[in-house]
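Novice: Before we start, here is the structure in question, set down as C-alpha cells.
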Amino acid sequence: MKAVRVHTPGGPDALTFEDVPEPVAKAGEAVIRIDAAGLNYIDIYVRSGLYKNELPFTAGFEAGGTVAGAGPDVTDVKVGDRVAYTGVLGAYAQFAAVPAARLVKLPDGVSTKHGAAAMLQGMTAHYLACTTYPLRKGDACVIHAAAGGVGLLLCQLAKMRGARVIATVSTEDKAKLARAAGADDVILYTRQDFVAEVKRLTDGKGVQVVYDGVGQTTFDKGLSCLAPRGMMVLFGQASGPVPPFDASILNAKGSLFLTRPSLFHHVAAREELVERARDVLGWIRDGKLKLRMETEFALKDAAEAHRALEGRKTTGKVLLIP
Ligand code: NDP
C-alpha cells in the first residue's frame, strides 16, 4: 500500500510517498481502509521535529474509513463498520492498524470524510469550550486564528454555549468565515492592535478567556486582553513556541489562570472519548455544527498540503485522500 512517511524530520519535503506493507491487525486492533485523513497542525510539529517521534514513521493522527479487518478480542467494531479516530500515528496511508478502543462508529448521515474532519479539531473545540473553560452565557472570549480548523468549530461551540466571541484572523476573507461561524466581532490582528480592540469592544473590562493556538506572536498580548481572574488557554503554537514565562506576570495582570492543554488528555478514557465524539458527531448530523471541508489534496501531495497550512493559505479542514 501507499503511505506518507518521515525518515528525517524537516520541511514539507521530509514527507515521502512510498510503498509499505499493509498492516495486519494484532489483538485488540482493527485495520481501517482509510477514505480520508485529516490534516492538523500537530502533523507539522511532528514532521519538523518540534515534537519528537521514533523514526521512521507514517504521519497523520486522524482518519475516517471502513473496518477492513479485526484482530482477536475486538468486540466494539466489525468488518464493514464506518468509523473515525484520532490520536494514533499513521493515518497518512491507505490502511492503518488502530486499537479498537480508539475507534468511534459514525452515525447515519455522517460520512467517513466528516469523521476525518471532525475528530481532532471537533473534540478539541469541545473540550476547550466545555471543559477547560466551560463558557457560559455572559462570558466573552477571544478566539485567535478563528477561520482555521479548530477556530471555526470553536466559534460555533462558543456561540452554542451563549458566549460573546471576539475573533482574530489575518485577512478579510477569513473575517467573513469567522462571522459566518458566529463571531460577534472580528479583529484583523495583522493590521490592528488586538489588545486595544478587545479593550474597546469590552468597555475596558477584558474577556473571561483567551483561546490561543497561535502562540509566540499572540501570547503576551493575549494576557492583556483578560479580565481579572481570566484564563489564558494556550493550546498551540502555529507561529512558534512561547518562550519560558515568568509566572509573576499572572499576578500583575490580575490573578490570571494559565493552562496548556492537550486533546489527548481529554479523550484518554474510552468513556470520555465516546461522550465527546457523540456530542460532536451528533451536532454535525443534526446540522448544529458545520464543518468547512472544501480543501482536499491527494495523499501523494501531502507536502503541498503542509505548505498550504503552514503558509496560512487554508481555512477550516484540509483532508488528504489516499
Ligand atoms: P489552523 O487551520 O488554525 O491553521 C493555523 C492558523 O494559525 C493559520 O491559518 C493562521 O490563521 C494562524 N497563524 C498565525 N500565525 C501563523 C504563523 N506564523 N504560521 C502559520 N499559521 C499562523 O490549524 P489547526 O486548526 O490544525 O490548529 C490550530 C492550533 O490549534 C494549532 O496551534 C494546533 O497545534 C492547535 N491544536 C491544539 C490541540 C490541543 O489539544 N492542544 C488540538 C488541535 C489543535 P490566520 O491567517 O488567520 O492568522
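Going by the C-alpha cells order, chains are called A, B, ..., each with residues numbered from 1, while ligands are numbered from 1 in the order shown.
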Taking only C-alpha atoms and all ligand atoms and a cut-off of 8 Å, can you tell me which residues surround ligand 1, written as a PyMOL selection string?
Specialist: chain A and resi 39-42+45+120-121+124+144-151+168-171+174+189-190+212-215+217+234-240+260-264+309-317
Novice: Taking only range 22-107 of chain A into account, list the residues labelled alpha helix (DSSP H) by DSSP (computed from the backbone), as number ranges by chain.
Specialist: A: 41-48
Novice: Using only C-alpha atoms, can you tell me which of A:Ile143, A:Glu172, A:Ala70, A:Val198 comes closest to Leu128 in chain A?
Specialist: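 For Leu128 in chain A, the nearest of the given residues is A:Ile143.
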Novice: Show me, as a tab-separated table, the residues of range 113-210 of chain A having an atom within 12 Å of range 53-68 of chain A, each with the closest atom pair and its distance in Å, using only C-alpha atoms.
Specialist:
```
residue	atom	partner	partner_atom	distance
A:Lys113	CA	A:Gly64	CA	5.9
A:His114	CA	A:Gly64	CA	7.7
A:Gly115	CA	A:Gly64	CA	5.2
A:Ala116	CA	A:Ala63	CA	4.4
A:Ala117	CA	A:Ala63	CA	7.8
A:Ala118	CA	A:Glu62	CA	9.0
A:Met119	CA	A:Glu62	CA	7.0
A:Leu120	CA	A:Glu62	CA	6.6
A:Gln121	CA	A:Glu62	CA	9.7
A:Gly122	CA	A:Glu62	CA	11.5
A:Met123	CA	A:Glu62	CA	11.7
```
Novice: Selection from above, C-alpha atoms, as a compact mmCIF listing (two decimals), in the first residue's frame, can you write it?
Specialist:
```
# COMPACT_ATOMS: atom_id res chain seq x y z
CA LYS A 113 -14.94 12.32 5.41
CA HIS A 114 -16.94 14.15 8.08
CA GLY A 115 -15.40 11.78 10.61
CA ALA A 116 -11.89 12.53 9.35
CA ALA A 117 -12.65 16.24 9.56
CA ALA A 118 -14.29 16.26 12.98
CA MET A 119 -12.44 14.00 15.37
CA LEU A 120 -9.33 16.00 16.23
CA GLN A 121 -10.38 19.61 15.74
CA GLY A 122 -14.03 19.00 16.74
CA MET A 123 -13.24 17.29 20.03
```
Novice: Can you work out which one of A:Val46, A:Leu273, A:Cys141, A:Leu153 has the shortest atom-to-atom distance to Thr202 in chain A, counting only C-alpha atoms?
Specialist: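 Using only C-alpha atoms, Thr202 in chain A sits closest to A:Cys141.
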Novice: Check range 87-302 of chain A with DSSP on the backbone and list each residue it calls strand (DSSP E or B), as number ranges by chain.
Specialist: A: 93, 95-99, 104-105, 140-143, 164-169, 185-188, 207-212, 226-234, 257-259, 295-298
Novice: So that I can see what lies close to Gly69 in chain A, please list as a tab-separated table (two decimals) with N, CA, C and O atoms, in the first residue's frame the residues with an atom at most 10 Å from it, counting only C-alpha atoms and leaving out residues fewer than 6 positions away in the same chain.
Specialist:
```
chain	number	residue	atom	x	y	z
A	23	PRO	N	-0.81	-3.15	6.88
A	23	PRO	CA	-0.76	-3.58	8.29
A	23	PRO	C	-1.67	-4.78	8.54
A	23	PRO	O	-2.65	-4.98	7.83
A	24	VAL	N	-1.31	-5.55	9.55
A	24	VAL	CA	-2.12	-6.70	9.98
A	24	VAL	C	-2.59	-6.40	11.40
A	24	VAL	O	-1.80	-5.92	12.22
A	25	ALA	N	-3.87	-6.67	11.68
A	25	ALA	CA	-4.42	-6.35	13.00
A	25	ALA	C	-3.89	-7.31	14.05
A	25	ALA	O	-4.01	-8.53	13.90
A	29	GLU	N	-6.79	-4.79	17.91
A	29	GLU	CA	-6.70	-3.78	16.85
A	29	GLU	C	-7.67	-4.08	15.71
A	29	GLU	O	-8.04	-5.23	15.49
A	30	ALA	N	-8.00	-3.02	14.97
A	30	ALA	CA	-8.74	-3.20	13.71
A	30	ALA	C	-7.94	-2.52	12.61
A	30	ALA	O	-7.26	-1.52	12.85
A	31	VAL	N	-8.02	-3.08	11.41
A	31	VAL	CA	-7.40	-2.42	10.26
A	31	VAL	C	-8.47	-1.59	9.56
A	31	VAL	O	-9.56	-2.09	9.27
A	32	ILE	N	-8.14	-0.33	9.34
A	32	ILE	CA	-9.09	0.60	8.72
A	32	ILE	C	-8.66	0.88	7.28
A	32	ILE	O	-7.50	1.24	7.04
A	33	ARG	N	-9.60	0.73	6.34
A	33	ARG	CA	-9.37	1.20	4.97
A	33	ARG	C	-9.70	2.69	4.99
A	33	ARG	O	-10.86	3.08	5.22
A	77	VAL	N	-16.15	-3.20	17.27
A	77	VAL	CA	-16.42	-2.93	15.85
A	77	VAL	C	-16.28	-4.22	15.05
A	77	VAL	O	-15.64	-5.17	15.50
A	78	LYS	N	-16.89	-4.22	13.84
A	78	LYS	CA	-16.76	-5.41	12.97
A	78	LYS	C	-16.48	-4.95	11.55
A	78	LYS	O	-16.68	-3.75	11.21
A	79	VAL	N	-16.03	-5.90	10.72
A	79	VAL	CA	-15.71	-5.58	9.33
A	79	VAL	C	-16.92	-4.91	8.67
A	79	VAL	O	-18.06	-5.37	8.84
A	80	GLY	N	-16.66	-3.80	7.97
A	80	GLY	CA	-17.73	-3.08	7.28
A	80	GLY	C	-18.23	-1.86	8.03
A	80	GLY	O	-18.87	-0.99	7.44
A	97	ALA	N	-3.56	0.17	11.12
A	97	ALA	CA	-3.99	-0.68	12.24
A	97	ALA	C	-4.15	0.21	13.46
A	97	ALA	O	-3.22	0.95	13.82
```
Novice: Calculate how many Å separate CA of Leu152 in chain A from CA of Leu89 in chain A, rounding to one decimal.
Specialist: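 Rounded to one decimal, the two atoms are 24.5 Å apart.
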Novice: With only C-alpha atoms as the basis for distance, which of A:Gly282, A:Gly206, A:Gly38, A:Pro9 is at the shortest distance from Ala305 in chain A?
Specialist: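 Counting only C-alpha atoms, the residue closest to Ala305 in chain A is A:Gly38.
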Novice: What gap, in Å, lies between CA of Val6 in chain A and CA of Glu296 in chain A?
Specialist: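 Atom-to-atom, CA of Val6 in chain A to CA of Glu296 in chain A, that is 20.9 Å.
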Novice: For Glu18 in chain A, list every protein, DNA or RNA residue within 12 Å, evaluated using only C-alpha atoms, and leave out those in the same chain fewer than 4 positions away; present the list as an MDAnalysis selection string.
Specialist: chainID A and resid 1:7 57:58 92:94 299:302
